[in-house]
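Trainee: Enclosed is the structure file final-v7.txt (compact mmCIF, C-alpha atoms).
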```txt
# COMPACT_ATOMS: atom_id res chain seq x y z
CA MET A 19 -0.89 2.02 -3.60
CA PRO A 20 -1.51 2.96 -7.12
CA PHE A 21 1.16 5.27 -8.45
CA VAL A 22 -0.15 7.18 -11.44
CA ARG A 23 1.74 9.02 -14.16
CA ILE A 24 -0.39 11.25 -16.34
CA ASP A 25 1.23 12.77 -19.42
CA ILE A 26 -0.76 15.52 -21.12
CA PRO A 27 -0.17 18.37 -23.57
CA THR A 28 1.03 21.74 -22.29
CA ALA A 29 -2.15 23.21 -23.74
CA THR A 30 -4.27 21.47 -21.07
CA SER A 31 -5.78 23.98 -18.64
CA ASN A 32 -5.08 23.64 -14.94
CA ALA A 33 -8.74 22.91 -14.30
CA HIS A 34 -8.76 20.09 -16.84
CA ALA A 35 -5.50 18.64 -15.54
CA GLU A 36 -6.95 18.57 -12.04
CA ALA A 37 -10.19 17.06 -13.29
CA LEU A 38 -8.30 14.29 -15.06
CA SER A 39 -6.21 13.61 -11.97
CA GLN A 40 -9.39 13.41 -9.95
CA ALA A 41 -11.14 11.23 -12.54
CA VAL A 42 -8.37 8.65 -12.42
CA HIS A 43 -8.34 8.63 -8.64
CA ALA A 44 -12.11 8.37 -8.34
CA ALA A 45 -12.21 5.50 -10.84
CA LEU A 46 -9.53 3.62 -8.90
CA ALA A 47 -11.47 4.09 -5.69
CA GLU A 48 -14.70 2.91 -7.26
CA THR A 49 -13.47 -0.07 -9.21
CA PHE A 50 -10.19 -1.18 -7.61
CA ASP A 51 -11.20 -0.54 -3.99
CA VAL A 52 -8.39 1.95 -3.58
CA PRO A 53 -8.78 3.91 -0.33
CA PRO A 54 -9.71 7.58 -0.90
CA ASP A 55 -6.53 8.74 0.84
CA ASP A 56 -4.25 6.50 -1.24
CA ARG A 57 -3.37 9.01 -3.93
CA PHE A 58 0.07 9.41 -5.46
CA GLN A 59 0.31 10.95 -8.91
CA VAL A 60 2.69 12.82 -11.16
CA VAL A 61 1.05 14.97 -13.83
CA THR A 62 3.51 16.08 -16.51
CA ARG A 63 2.81 18.48 -19.37
CA HIS A 64 4.61 18.15 -22.66
CA GLY A 65 5.12 20.62 -25.50
CA PRO A 66 4.36 19.87 -29.14
CA GLY A 67 6.13 16.79 -30.44
CA ALA A 68 6.97 15.31 -27.06
CA ILE A 69 3.90 13.11 -26.94
CA VAL A 70 4.04 10.87 -29.98
CA CYS A 71 0.68 9.25 -30.60
CA THR A 72 -0.60 7.33 -33.58
CA PRO A 73 -3.46 9.05 -35.44
CA ALA A 74 -5.47 5.83 -35.18
CA TYR A 75 -5.07 2.30 -33.79
CA LEU A 76 -7.60 -0.52 -33.55
CA GLY A 77 -10.23 1.77 -35.02
CA VAL A 78 -9.81 4.45 -32.36
CA ARG A 79 -8.82 7.87 -33.68
CA HIS A 80 -6.49 10.12 -31.72
CA THR A 81 -5.91 13.87 -31.87
CA THR A 82 -2.89 15.72 -30.52
CA HIS A 83 -4.90 16.40 -27.35
CA VAL A 84 -4.27 12.97 -25.90
CA ALA A 85 -3.78 11.87 -22.29
CA LEU A 86 -1.45 8.96 -21.55
CA VAL A 87 -2.18 7.38 -18.18
CA GLN A 88 0.14 4.80 -16.61
CA ILE A 89 -1.10 3.21 -13.40
CA THR A 90 1.30 1.12 -11.33
CA CYS A 91 -0.67 -0.97 -8.84
CA SER A 92 -0.76 -4.27 -7.04
CA PRO A 93 -1.89 -7.38 -8.92
CA GLY A 94 -5.10 -9.24 -8.29
CA ARG A 95 -7.81 -7.26 -10.01
CA SER A 96 -10.06 -9.16 -12.39
CA ARG A 97 -10.43 -8.47 -16.08
CA ASP A 98 -13.87 -7.12 -15.37
CA GLN A 99 -12.54 -4.69 -12.79
CA LYS A 100 -9.96 -3.50 -15.28
CA ARG A 101 -12.59 -3.04 -17.97
CA VAL A 102 -14.74 -0.98 -15.63
CA LEU A 103 -11.74 1.07 -14.54
CA PHE A 104 -10.85 1.98 -18.11
CA ALA A 105 -14.46 2.82 -18.95
CA ARG A 106 -14.87 5.04 -15.88
CA ILE A 107 -11.66 6.97 -16.49
CA ALA A 108 -12.46 7.62 -20.14
CA GLN A 109 -16.04 8.59 -19.38
CA GLN A 110 -15.10 10.98 -16.57
CA ALA A 111 -12.23 12.45 -18.57
CA GLU A 112 -14.61 13.25 -21.39
CA GLN A 113 -17.28 14.67 -19.10
CA HIS A 114 -15.05 16.77 -16.87
CA ALA A 115 -11.51 17.08 -18.18
CA GLY A 116 -11.82 18.17 -21.80
CA PHE A 117 -10.41 15.00 -23.33
CA ALA A 118 -12.37 12.94 -25.83
CA ALA A 119 -12.83 9.39 -24.54
CA SER A 120 -10.93 8.23 -27.61
CA ASP A 121 -7.94 10.31 -26.52
CA VAL A 122 -7.56 8.67 -23.13
CA VAL A 123 -4.96 5.91 -23.43
CA ILE A 124 -4.35 3.87 -20.29
CA HIS A 125 -2.23 0.98 -19.16
CA LEU A 126 -1.53 -0.80 -15.91
CA VAL A 127 1.77 -2.08 -14.55
CA GLU A 128 1.29 -4.55 -11.73
CA THR A 129 3.82 -4.99 -8.95
CA LEU A 130 3.79 -6.96 -5.69
CA ARG A 131 2.32 -5.49 -2.53
CA GLU A 132 5.65 -5.94 -0.77
CA ASN A 133 7.16 -3.49 -3.27
CA TRP A 134 5.60 -0.36 -1.77
CA SER A 135 6.70 2.09 0.89
CA PHE A 136 4.42 5.01 1.72
CA GLY A 137 6.92 6.87 3.83
CA ASN A 138 9.09 6.44 6.90
CA GLY A 139 11.02 3.72 5.11
CA ILE A 140 8.46 1.05 5.94
CA ALA A 141 7.00 -1.56 3.57
CA GLN A 142 3.56 -1.00 5.03
CA TYR A 143 1.78 -3.78 3.17
CA THR A 144 4.13 -6.45 4.48
CA LEU A 145 2.94 -5.73 8.01
CA GLU A 146 -0.48 -7.13 7.14
CA THR A 147 0.73 -10.65 6.59
CA ASP A 148 3.93 -10.96 8.57
CA SER A 149 2.87 -9.78 11.99
CA MET B 21 20.39 -2.68 -13.62
CA PRO B 22 18.13 -0.62 -11.51
CA PHE B 23 16.60 2.24 -13.42
CA VAL B 24 15.42 4.91 -11.04
CA ARG B 25 12.95 7.73 -11.58
CA ILE B 26 12.93 10.36 -8.87
CA ASP B 27 10.17 12.98 -8.98
CA ILE B 28 10.65 15.96 -6.68
CA PRO B 29 9.36 19.51 -6.30
CA THR B 30 10.99 22.33 -8.24
CA ALA B 31 11.79 23.91 -4.89
CA THR B 32 14.36 21.20 -4.13
CA SER B 33 17.90 22.58 -4.15
CA ASN B 34 20.47 21.07 -6.48
CA ALA B 35 22.46 19.85 -3.51
CA HIS B 36 19.45 18.09 -2.06
CA ALA B 37 18.49 16.57 -5.39
CA GLU B 38 22.00 15.18 -5.75
CA ALA B 39 21.98 13.90 -2.19
CA LEU B 40 18.69 12.08 -2.79
CA SER B 41 20.00 10.58 -6.01
CA GLN B 42 23.09 9.41 -4.14
CA ALA B 43 21.03 8.10 -1.20
CA VAL B 44 18.95 5.89 -3.47
CA HIS B 45 22.01 4.59 -5.27
CA ALA B 46 23.95 3.91 -2.06
CA ALA B 47 20.98 2.07 -0.56
CA LEU B 48 20.66 -0.12 -3.67
CA ALA B 49 24.35 -0.94 -3.50
CA GLU B 50 24.18 -1.79 0.20
CA THR B 51 20.99 -3.81 0.28
CA PHE B 52 20.39 -5.11 -3.27
CA ASP B 53 24.05 -5.82 -4.12
CA VAL B 54 23.89 -3.39 -7.01
CA PRO B 55 27.41 -2.69 -8.36
CA PRO B 56 28.61 0.85 -7.59
CA ASP B 57 28.95 1.63 -11.30
CA ASP B 58 25.43 0.43 -12.14
CA ARG B 59 23.68 3.79 -11.86
CA PHE B 60 20.95 5.00 -14.22
CA GLN B 61 18.55 7.63 -12.94
CA VAL B 62 16.24 10.36 -14.15
CA VAL B 63 15.56 13.13 -11.64
CA THR B 64 12.60 15.29 -12.65
CA ARG B 65 11.42 18.44 -10.90
CA HIS B 66 7.78 19.42 -10.91
CA GLY B 67 6.06 22.73 -10.25
CA PRO B 68 3.18 23.20 -7.80
CA GLY B 69 0.24 20.92 -8.50
CA ALA B 70 2.10 18.46 -10.68
CA ILE B 71 2.90 16.09 -7.84
CA VAL B 72 -0.41 15.04 -6.35
CA CYS B 73 0.12 13.44 -2.97
CA THR B 74 -2.37 12.54 -0.28
CA PRO B 75 -1.97 14.53 2.97
CA ALA B 76 -1.91 11.23 4.88
CA TYR B 77 -2.16 7.50 4.18
CA LEU B 78 -1.74 4.55 6.54
CA GLY B 79 -0.94 6.96 9.35
CA VAL B 80 1.94 8.61 7.49
CA ARG B 81 1.57 12.35 6.95
CA HIS B 82 2.85 14.01 3.79
CA THR B 83 3.72 17.61 3.03
CA THR B 84 4.05 19.16 -0.41
CA HIS B 85 7.80 18.53 -0.19
CA VAL B 86 7.53 14.89 -1.13
CA ALA B 87 9.86 12.67 -3.15
CA LEU B 88 8.39 9.91 -5.32
CA VAL B 89 10.93 7.21 -6.11
CA GLN B 90 10.26 4.46 -8.67
CA ILE B 91 12.91 1.77 -8.94
CA THR B 92 12.77 -0.67 -11.84
CA CYS B 93 15.01 -3.64 -11.10
CA SER B 94 15.39 -7.36 -11.57
CA PRO B 95 13.33 -9.73 -9.43
CA GLY B 96 14.71 -11.97 -6.73
CA ARG B 97 15.25 -9.77 -3.71
CA SER B 98 13.71 -10.94 -0.46
CA ARG B 99 11.12 -9.09 1.54
CA ASP B 100 13.76 -8.36 4.11
CA GLN B 101 16.08 -6.85 1.53
CA LYS B 102 13.23 -4.65 0.32
CA ARG B 103 12.43 -3.53 3.85
CA VAL B 104 16.05 -2.59 4.48
CA LEU B 105 16.23 -0.79 1.14
CA PHE B 106 13.22 1.37 1.95
CA ALA B 107 14.51 2.11 5.44
CA ARG B 108 17.96 3.11 4.18
CA ILE B 109 16.63 5.40 1.48
CA ALA B 110 14.23 7.19 3.82
CA GLN B 111 16.85 7.52 6.53
CA GLN B 112 19.52 8.88 4.20
CA ALA B 113 17.06 11.20 2.47
CA GLU B 114 16.13 12.69 5.82
CA GLN B 115 19.73 13.01 6.98
CA HIS B 116 21.23 14.41 3.81
CA ALA B 117 18.61 15.48 1.26
CA GLY B 118 16.17 17.69 3.13
CA PHE B 119 13.19 15.38 2.88
CA ALA B 120 11.36 14.11 5.95
CA ALA B 121 11.42 10.31 6.05
CA SER B 122 7.63 10.44 5.94
CA ASP B 123 7.84 12.28 2.61
CA VAL B 124 9.85 9.62 0.83
CA VAL B 125 7.45 7.38 -1.08
CA ILE B 126 9.04 4.44 -2.89
CA HIS B 127 7.98 1.54 -5.05
CA LEU B 128 9.71 -1.17 -7.03
CA VAL B 129 8.82 -2.53 -10.46
CA GLU B 130 10.51 -5.84 -11.15
CA THR B 131 11.44 -6.98 -14.64
CA LEU B 132 13.45 -9.92 -15.97
CA ARG B 133 17.22 -9.76 -16.29
CA GLU B 134 16.94 -10.49 -20.00
CA ASN B 135 15.03 -7.20 -20.38
CA TRP B 136 18.05 -4.91 -19.98
CA SER B 137 20.53 -3.44 -22.39
CA PHE B 138 23.26 -1.19 -21.02
CA GLY B 139 24.46 0.09 -24.35
CA ASN B 140 25.81 -1.19 -27.68
CA GLY B 141 22.52 -2.95 -28.31
CA ILE B 142 23.49 -5.97 -26.22
CA ALA B 143 21.34 -7.72 -23.60
CA GLN B 144 24.34 -8.02 -21.31
CA TYR B 145 22.69 -10.14 -18.63
CA THR B 146 21.74 -12.88 -21.09
CA LEU B 147 25.42 -13.51 -21.74
CA GLU B 148 25.84 -14.84 -18.21
CA THR B 149 23.60 -17.83 -18.71
CA ASP B 150 23.60 -18.50 -22.43
CA SER B 151 27.27 -18.60 -23.25
CA MET C 11 0.70 -1.73 -27.25
CA PRO C 12 4.17 -0.74 -26.42
CA PHE C 13 4.28 2.44 -24.40
CA VAL C 14 7.69 4.04 -24.71
CA ARG C 15 9.36 6.64 -22.53
CA ILE C 16 12.47 8.19 -24.01
CA ASP C 17 14.57 10.43 -21.76
CA ILE C 18 17.24 12.48 -23.51
CA PRO C 19 19.37 15.56 -22.86
CA THR C 20 17.99 19.01 -23.62
CA ALA C 21 20.88 19.43 -26.04
CA THR C 22 19.37 16.86 -28.42
CA SER C 23 18.16 18.48 -31.63
CA ASN C 24 14.55 18.08 -32.69
CA ALA C 25 15.63 16.11 -35.73
CA HIS C 26 17.61 13.68 -33.60
CA ALA C 27 14.81 13.31 -31.06
CA GLU C 28 12.42 12.45 -33.86
CA ALA C 29 14.90 10.04 -35.40
CA LEU C 30 15.33 8.24 -32.09
CA SER C 31 11.57 8.04 -31.60
CA GLN C 32 11.26 6.60 -35.08
CA ALA C 33 14.17 4.19 -34.54
CA VAL C 34 12.53 2.70 -31.46
CA HIS C 35 9.21 2.38 -33.20
CA ALA C 36 10.68 0.81 -36.34
CA ALA C 37 12.66 -1.68 -34.27
CA LEU C 38 9.53 -2.69 -32.35
CA ALA C 39 7.66 -3.20 -35.60
CA GLU C 40 10.46 -5.27 -37.12
CA THR C 41 11.33 -7.47 -34.18
CA PHE C 42 8.29 -7.54 -31.86
CA ASP C 43 5.63 -7.59 -34.61
CA VAL C 44 4.18 -4.33 -33.34
CA PRO C 45 1.68 -2.92 -35.85
CA PRO C 46 2.93 0.25 -37.59
CA ASP C 47 0.02 2.27 -36.22
CA ASP C 48 0.58 1.12 -32.62
CA ARG C 49 2.77 4.01 -31.48
CA PHE C 50 2.53 5.69 -28.10
CA GLN C 51 5.61 7.51 -26.81
CA VAL C 52 6.63 10.26 -24.45
CA VAL C 53 9.93 11.95 -25.27
CA THR C 54 11.23 14.06 -22.38
CA ARG C 55 14.28 16.30 -22.43
CA HIS C 56 16.30 16.90 -19.31
CA GLY C 57 18.77 19.61 -18.40
CA PRO C 58 22.27 18.98 -17.05
CA GLY C 59 22.31 16.80 -13.95
CA ALA C 60 18.81 15.42 -14.35
CA ILE C 61 19.96 12.31 -16.18
CA VAL C 62 22.37 10.52 -13.86
CA CYS C 63 24.34 7.91 -15.77
CA THR C 64 27.37 5.95 -14.75
CA PRO C 65 30.52 6.74 -16.79
CA ALA C 66 30.93 3.01 -17.47
CA TYR C 67 29.21 -0.28 -16.60
CA LEU C 68 29.93 -3.79 -17.82
CA GLY C 69 32.66 -2.42 -20.04
CA VAL C 70 30.37 0.01 -21.85
CA ARG C 71 31.37 3.67 -21.60
CA HIS C 72 28.76 6.40 -21.38
CA THR C 73 28.96 10.11 -22.11
CA THR C 74 26.52 12.76 -20.91
CA HIS C 75 24.74 12.44 -24.26
CA VAL C 76 22.86 9.31 -23.27
CA ALA C 77 19.36 8.13 -24.19
CA LEU C 78 17.36 6.15 -21.64
CA VAL C 79 14.59 4.12 -23.28
CA GLN C 80 11.88 2.37 -21.26
CA ILE C 81 9.50 0.17 -23.23
CA THR C 82 6.38 -1.15 -21.54
CA CYS C 83 4.94 -3.99 -23.59
CA SER C 84 3.10 -7.27 -23.40
CA PRO C 85 4.99 -10.41 -22.37
CA GLY C 86 5.78 -13.29 -24.66
CA ARG C 87 8.74 -12.21 -26.74
CA SER C 88 11.72 -14.56 -26.80
CA ARG C 89 15.20 -13.72 -25.62
CA ASP C 90 16.30 -13.68 -29.22
CA GLN C 91 13.64 -11.18 -30.18
CA LYS C 92 14.73 -8.96 -27.30
CA ARG C 93 18.36 -9.19 -28.35
CA VAL C 94 17.50 -8.21 -31.90
CA LEU C 95 15.31 -5.35 -30.64
CA PHE C 96 18.11 -3.88 -28.56
CA ALA C 97 20.61 -4.26 -31.39
CA ARG C 98 18.31 -2.60 -33.91
CA ILE C 99 17.51 0.37 -31.68
CA ALA C 100 21.15 1.02 -30.82
CA GLN C 101 22.24 0.65 -34.43
CA GLN C 102 19.56 2.95 -35.80
CA ALA C 103 20.09 5.49 -33.02
CA GLU C 104 23.75 5.67 -33.91
CA GLN C 105 23.13 5.90 -37.64
CA HIS C 106 20.30 8.42 -37.59
CA ALA C 107 19.83 10.05 -34.18
CA GLY C 108 23.23 11.26 -33.11
CA PHE C 109 23.64 8.90 -30.15
CA ALA C 110 26.58 6.53 -29.89
CA ALA C 111 25.34 2.93 -29.67
CA SER C 112 27.07 2.76 -26.29
CA ASP C 113 24.89 5.63 -25.07
CA VAL C 114 21.58 3.92 -25.78
CA VAL C 115 20.37 2.26 -22.58
CA ILE C 116 17.15 0.27 -22.88
CA HIS C 117 14.90 -1.81 -20.69
CA LEU C 118 11.56 -3.53 -21.04
CA VAL C 119 8.72 -3.71 -18.55
CA GLU C 120 6.23 -6.43 -19.42
CA THR C 121 2.57 -6.22 -18.50
CA LEU C 122 -0.45 -8.35 -19.41
CA ARG C 123 -2.43 -7.77 -22.58
CA GLU C 124 -5.56 -7.20 -20.52
CA ASN C 125 -3.86 -4.16 -18.96
CA TRP C 126 -4.16 -1.90 -22.01
CA SER C 127 -6.80 0.54 -23.17
CA PHE C 128 -6.21 2.41 -26.42
CA GLY C 129 -9.07 4.83 -26.00
CA ASN C 130 -12.84 4.89 -25.53
CA GLY C 131 -12.41 3.16 -22.18
CA ILE C 132 -12.17 -0.28 -23.75
CA ALA C 133 -9.63 -3.00 -22.95
CA GLN C 134 -9.25 -3.78 -26.63
CA TYR C 135 -7.03 -6.84 -26.25
CA THR C 136 -9.51 -8.64 -24.03
CA LEU C 137 -11.99 -8.68 -26.89
CA GLU C 138 -9.76 -11.09 -28.81
CA THR C 139 -10.13 -13.92 -26.34
CA ASP C 140 -13.41 -13.29 -24.54
CA SER C 141 -15.84 -12.77 -27.40
```
Is it possible to give me this structure as structure tokens?
Mentor:
Amino acid sequence: MPFVRIDIPTATSNAHAEALSQAVHAALAETFDVPPDDRFQVVTRHGPGAIVCTPAYLGVRHTTHVALVQITCSPGRSRDQKRVLFARIAQQAEQHAGFAASDVVIHLVETLRENWSFGNGIAQYTLETDS
Amino acid sequence: MPFVRIDIPTATSNAHAEALSQAVHAALAETFDVPPDDRFQVVTRHGPGAIVCTPAYLGVRHTTHVALVQITCSPGRSRDQKRVLFARIAQQAEQHAGFAASDVVIHLVETLRENWSFGNGIAQYTLETDS
Amino acid sequence: MPFVRIDIPTATSNAHAEALSQAVHAALAETFDVPPDDRFQVVTRHGPGAIVCTPAYLGVRHTTHVALVQITCSPGRSRDQKRVLFARIAQQAEQHAGFAASDVVIHLVETLRENWSFGNGIAQYTLETDS
């Protein structure tokens, strides 16, 4: 159910883009109890100037090699789960995907479980509670 | 008021991209009472690897020819309206846009009516209730 | 904390794209009290047909040279603040970025303050209230 948009510079290698995609998915599975086969992402590369990122905010410095990660998911996760999610993504991105942890900027958008269809025109999550 | 992002593979023909765009809009008009002239969409094509989609989730199989549809709209539609919306989009996409119904993945993001401006810097929907 | 997606036609000049990016940021700073160094945007250009925009809605006419602006931000701003934000963006876009005010279409998506990480895997806004 998470839908993830990852916006990265064109200069990112394919291997690093895939590692970042995998890092986000693995972190969601570990901390948000997302099933391993619940993976829907769009990874978009942008040329110079298309990603506009402050050089520093709240004491965190950013380079031009920044990854912007937007995760749309169902509500209900605790603050602690969110904290662990962010920490895992940044850590894994730095270890495996060539992004400094400081250059991984993430936010969540929460939307109701009834708002999802995973194909065949069915709102699969409404079947859990209605039937 | 709906704002629709449609992410599809580069391999999609122009005719099929237009048919999918039209299918989403027609379904919103039919099931969400969206006015016919309330149409704002961004259709983005992605090369191989940029759309990351599970091969199967909740018993629905996906190919690489998948369409990811994100609809931002005002809140207030019923579960039944949402179910019919999803069904109509998937059905029309399969009939007219070259996507299997199983490869049409949709979600809604709901945001307040006061959060929209349709040009000229005016929050048009706030005029309904404030004036 | 706002995360801004700006979708514009390929035909937009670099100078106008930058002016629009700056107009949105300046308006957020002025009307939503966004800090000047809190700037995270993705500006994406789209070829003909990829931006699908009604020719007119609610009495506002649109050309093909339209800018679609999606601002994800924290909740809590008043209706009046939102009205002023929209007005400022449209006005500045017309004065400096080559878009008619009628061709600036904006919406907000609001998400909790705990849903943001500005790097280093930390949910910076949760530190304000928890520590």
Trainee: If I put a ball of radius 12 Å at (3.9, 4.9, 2.6) in the file's coordinates, which residues poke into it when counting only C-alpha atoms, written as an mmCIF file with C-alpha atoms, in the coordinates of the input?
Mentor:
```
data_model
loop_
_atom_site.group_PDB
_atom_site.id
_atom_site.type_symbol
_atom_site.label_atom_id
_atom_site.label_comp_id
_atom_site.auth_asym_id
_atom_site.auth_seq_id
_atom_site.Cartn_x
_atom_site.Cartn_y
_atom_site.Cartn_z
ATOM 1 C CA MET A 19 -0.890 2.020 -3.600
ATOM 2 C CA PRO A 20 -1.510 2.960 -7.120
ATOM 3 C CA PHE A 21 1.160 5.270 -8.450
ATOM 4 C CA ASP A 55 -6.530 8.740 0.840
ATOM 5 C CA ASP A 56 -4.250 6.500 -1.240
ATOM 6 C CA ARG A 57 -3.370 9.010 -3.930
ATOM 7 C CA PHE A 58 0.070 9.410 -5.460
ATOM 8 C CA ARG A 131 2.320 -5.490 -2.530
ATOM 9 C CA GLU A 132 5.650 -5.940 -0.770
ATOM 10 C CA ASN A 133 7.160 -3.490 -3.270
ATOM 11 C CA TRP A 134 5.600 -0.360 -1.770
ATOM 12 C CA SER A 135 6.700 2.090 0.890
ATOM 13 C CA PHE A 136 4.420 5.010 1.720
ATOM 14 C CA GLY A 137 6.920 6.870 3.830
ATOM 15 C CA ASN A 138 9.090 6.440 6.900
ATOM 16 C CA GLY A 139 11.020 3.720 5.110
ATOM 17 C CA ILE A 140 8.460 1.050 5.940
ATOM 18 C CA ALA A 141 7.000 -1.560 3.570
ATOM 19 C CA GLN A 142 3.560 -1.000 5.030
ATOM 20 C CA TYR A 143 1.780 -3.780 3.170
ATOM 21 C CA THR A 144 4.130 -6.450 4.480
ATOM 22 C CA LEU A 145 2.940 -5.730 8.010
ATOM 23 C CA CYS B 73 0.120 13.440 -2.970
ATOM 24 C CA THR B 74 -2.370 12.540 -0.280
ATOM 25 C CA PRO B 75 -1.970 14.530 2.970
ATOM 26 C CA ALA B 76 -1.910 11.230 4.880
ATOM 27 C CA TYR B 77 -2.160 7.500 4.180
ATOM 28 C CA LEU B 78 -1.740 4.550 6.540
ATOM 29 C CA GLY B 79 -0.940 6.960 9.350
ATOM 30 C CA VAL B 80 1.940 8.610 7.490
ATOM 31 C CA ARG B 81 1.570 12.350 6.950
ATOM 32 C CA HIS B 82 2.850 14.010 3.790
ATOM 33 C CA VAL B 86 7.530 14.890 -1.130
ATOM 34 C CA ALA B 87 9.860 12.670 -3.150
ATOM 35 C CA LEU B 88 8.390 9.910 -5.320
ATOM 36 C CA VAL B 89 10.930 7.210 -6.110
ATOM 37 C CA PHE B 106 13.220 1.370 1.950
ATOM 38 C CA ALA B 107 14.510 2.110 5.440
ATOM 39 C CA ALA B 110 14.230 7.190 3.820
ATOM 40 C CA ALA B 121 11.420 10.310 6.050
ATOM 41 C CA SER B 122 7.630 10.440 5.940
ATOM 42 C CA ASP B 123 7.840 12.280 2.610
ATOM 43 C CA VAL B 124 9.850 9.620 0.830
ATOM 44 C CA VAL B 125 7.450 7.380 -1.080
ATOM 45 C CA ILE B 126 9.040 4.440 -2.890
ATOM 46 C CA HIS B 127 7.980 1.540 -5.050
#
```
Trainee: Please measure the separation of CA of Glu146 (chain A) and CA of Val54 (chain B), giving the value in Å to one decimal.
Mentor: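 Computed distance, CA of Glu146 (chain A) to CA of Val54 (chain B), equals 28.4 Å.
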Trainee: Report the distance between CA of Ile24 (chain A) and CA of Gly96 (chain B) in Å, rounded to one decimal place.
Mentor: 29.3 Å
Trainee: Kindly indicate which residue among B:Ala49, B:Leu132, B:Ile109, B:Val44 lies nearest to Gln61 (chain B), using all atoms listed in the file for the distances.
Mentor: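 Closest to Gln61 (chain B) of all the choices is B:Val44.
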Trainee: Working over all C-alpha atoms in order, superimpose chain A onto chain B by least squares and state the RMSD in Å.
Mentor: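 Chain B versus chain A: RMSD of 0.0 Å.
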Trainee: Would you mind listing what lies within 12 Å of Ser33 (chain B) as a ChimeraX atom specification, with only C-alpha atoms counted and same-chain residues fewer than 2 positions away left out?
Mentor: /B:28-31,35-40,65,85,116-119
Trainee: Using only C-alpha atoms, which of C:Val62, C:Gln105, C:Leu38, C:Leu95 sits nearest chain B?
Mentor: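 Nearest candidate to chain B out of C:Val62, C:Gln105, C:Leu38, C:Leu95: C:Val62.
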Trainee: Pick the closest to chain A from C:Ala60, C:Ala103, C:Cys83, C:Val52: which is it, counting only C-alpha atoms?
Mentor: C:Val52
Trainee: What does the structure give for the distance between CA of Phe50 (chain A) and CA of Val129 (chain B), in Å to one decimal?
Mentor: 19.3 Å
Trainee: As a PDB file, keeping the file's coordinate frame, could you write out region 114-127 of chain B once it has been completed with N, CA and C atoms?
Mentor:
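This is the output file part_26.pdb:
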```pdb
ATOM      1  N   GLU B 114      16.400  11.754   4.722  1.00  0.00           N
ATOM      2  CA  GLU B 114      16.130  12.690   5.820  1.00  0.00           C
ATOM      3  C   GLU B 114      17.437  13.307   6.330  1.00  0.00           C
ATOM      4  N   GLN B 115      18.468  12.497   6.424  1.00  0.00           N
ATOM      5  CA  GLN B 115      19.730  13.010   6.980  1.00  0.00           C
ATOM      6  C   GLN B 115      20.454  13.953   6.026  1.00  0.00           C
ATOM      7  N   HIS B 116      20.360  13.690   4.732  1.00  0.00           N
ATOM      8  CA  HIS B 116      21.230  14.410   3.810  1.00  0.00           C
ATOM      9  C   HIS B 116      20.513  15.204   2.711  1.00  0.00           C
ATOM     10  N   ALA B 117      19.235  14.913   2.457  1.00  0.00           N
ATOM     11  CA  ALA B 117      18.610  15.480   1.260  1.00  0.00           C
ATOM     12  C   ALA B 117      17.433  16.406   1.550  1.00  0.00           C
ATOM     13  N   GLY B 118      17.188  16.695   2.818  1.00  0.00           N
ATOM     14  CA  GLY B 118      16.170  17.690   3.130  1.00  0.00           C
ATOM     15  C   GLY B 118      14.734  17.211   2.990  1.00  0.00           C
ATOM     16  N   PHE B 119      14.549  15.915   2.897  1.00  0.00           N
ATOM     17  CA  PHE B 119      13.190  15.380   2.880  1.00  0.00           C
ATOM     18  C   PHE B 119      12.910  14.665   4.203  1.00  0.00           C
ATOM     19  N   ALA B 120      11.760  14.910   4.802  1.00  0.00           N
ATOM     20  CA  ALA B 120      11.360  14.110   5.950  1.00  0.00           C
ATOM     21  C   ALA B 120      11.213  12.654   5.514  1.00  0.00           C
ATOM     22  N   ALA B 121      11.562  11.733   6.384  1.00  0.00           N
ATOM     23  CA  ALA B 121      11.420  10.310   6.050  1.00  0.00           C
ATOM     24  C   ALA B 121       9.984   9.977   5.647  1.00  0.00           C
ATOM     25  N   SER B 122       9.044  10.677   6.255  1.00  0.00           N
ATOM     26  CA  SER B 122       7.630  10.440   5.940  1.00  0.00           C
ATOM     27  C   SER B 122       7.280  10.903   4.522  1.00  0.00           C
ATOM     28  N   ASP B 123       8.115  11.742   3.950  1.00  0.00           N
ATOM     29  CA  ASP B 123       7.840  12.280   2.610  1.00  0.00           C
ATOM     30  C   ASP B 123       8.630  11.560   1.516  1.00  0.00           C
ATOM     31  N   VAL B 124       9.149  10.418   1.827  1.00  0.00           N
ATOM     32  CA  VAL B 124       9.850   9.620   0.830  1.00  0.00           C
ATOM     33  C   VAL B 124       8.989   8.398   0.508  1.00  0.00           C
ATOM     34  N   VAL B 125       8.389   8.424  -0.652  1.00  0.00           N
ATOM     35  CA  VAL B 125       7.450   7.380  -1.080  1.00  0.00           C
ATOM     36  C   VAL B 125       8.145   6.587  -2.192  1.00  0.00           C
ATOM     37  N   ILE B 126       8.214   5.272  -2.011  1.00  0.00           N
ATOM     38  CA  ILE B 126       9.040   4.440  -2.890  1.00  0.00           C
ATOM     39  C   ILE B 126       8.227   3.255  -3.403  1.00  0.00           C
ATOM     40  N   HIS B 127       8.465   2.869  -4.643  1.00  0.00           N
ATOM     41  CA  HIS B 127       7.980   1.540  -5.050  1.00  0.00           C
ATOM     42  C   HIS B 127       8.946   0.928  -6.058  1.00  0.00           C
TER      43      HIS B 127
END
```
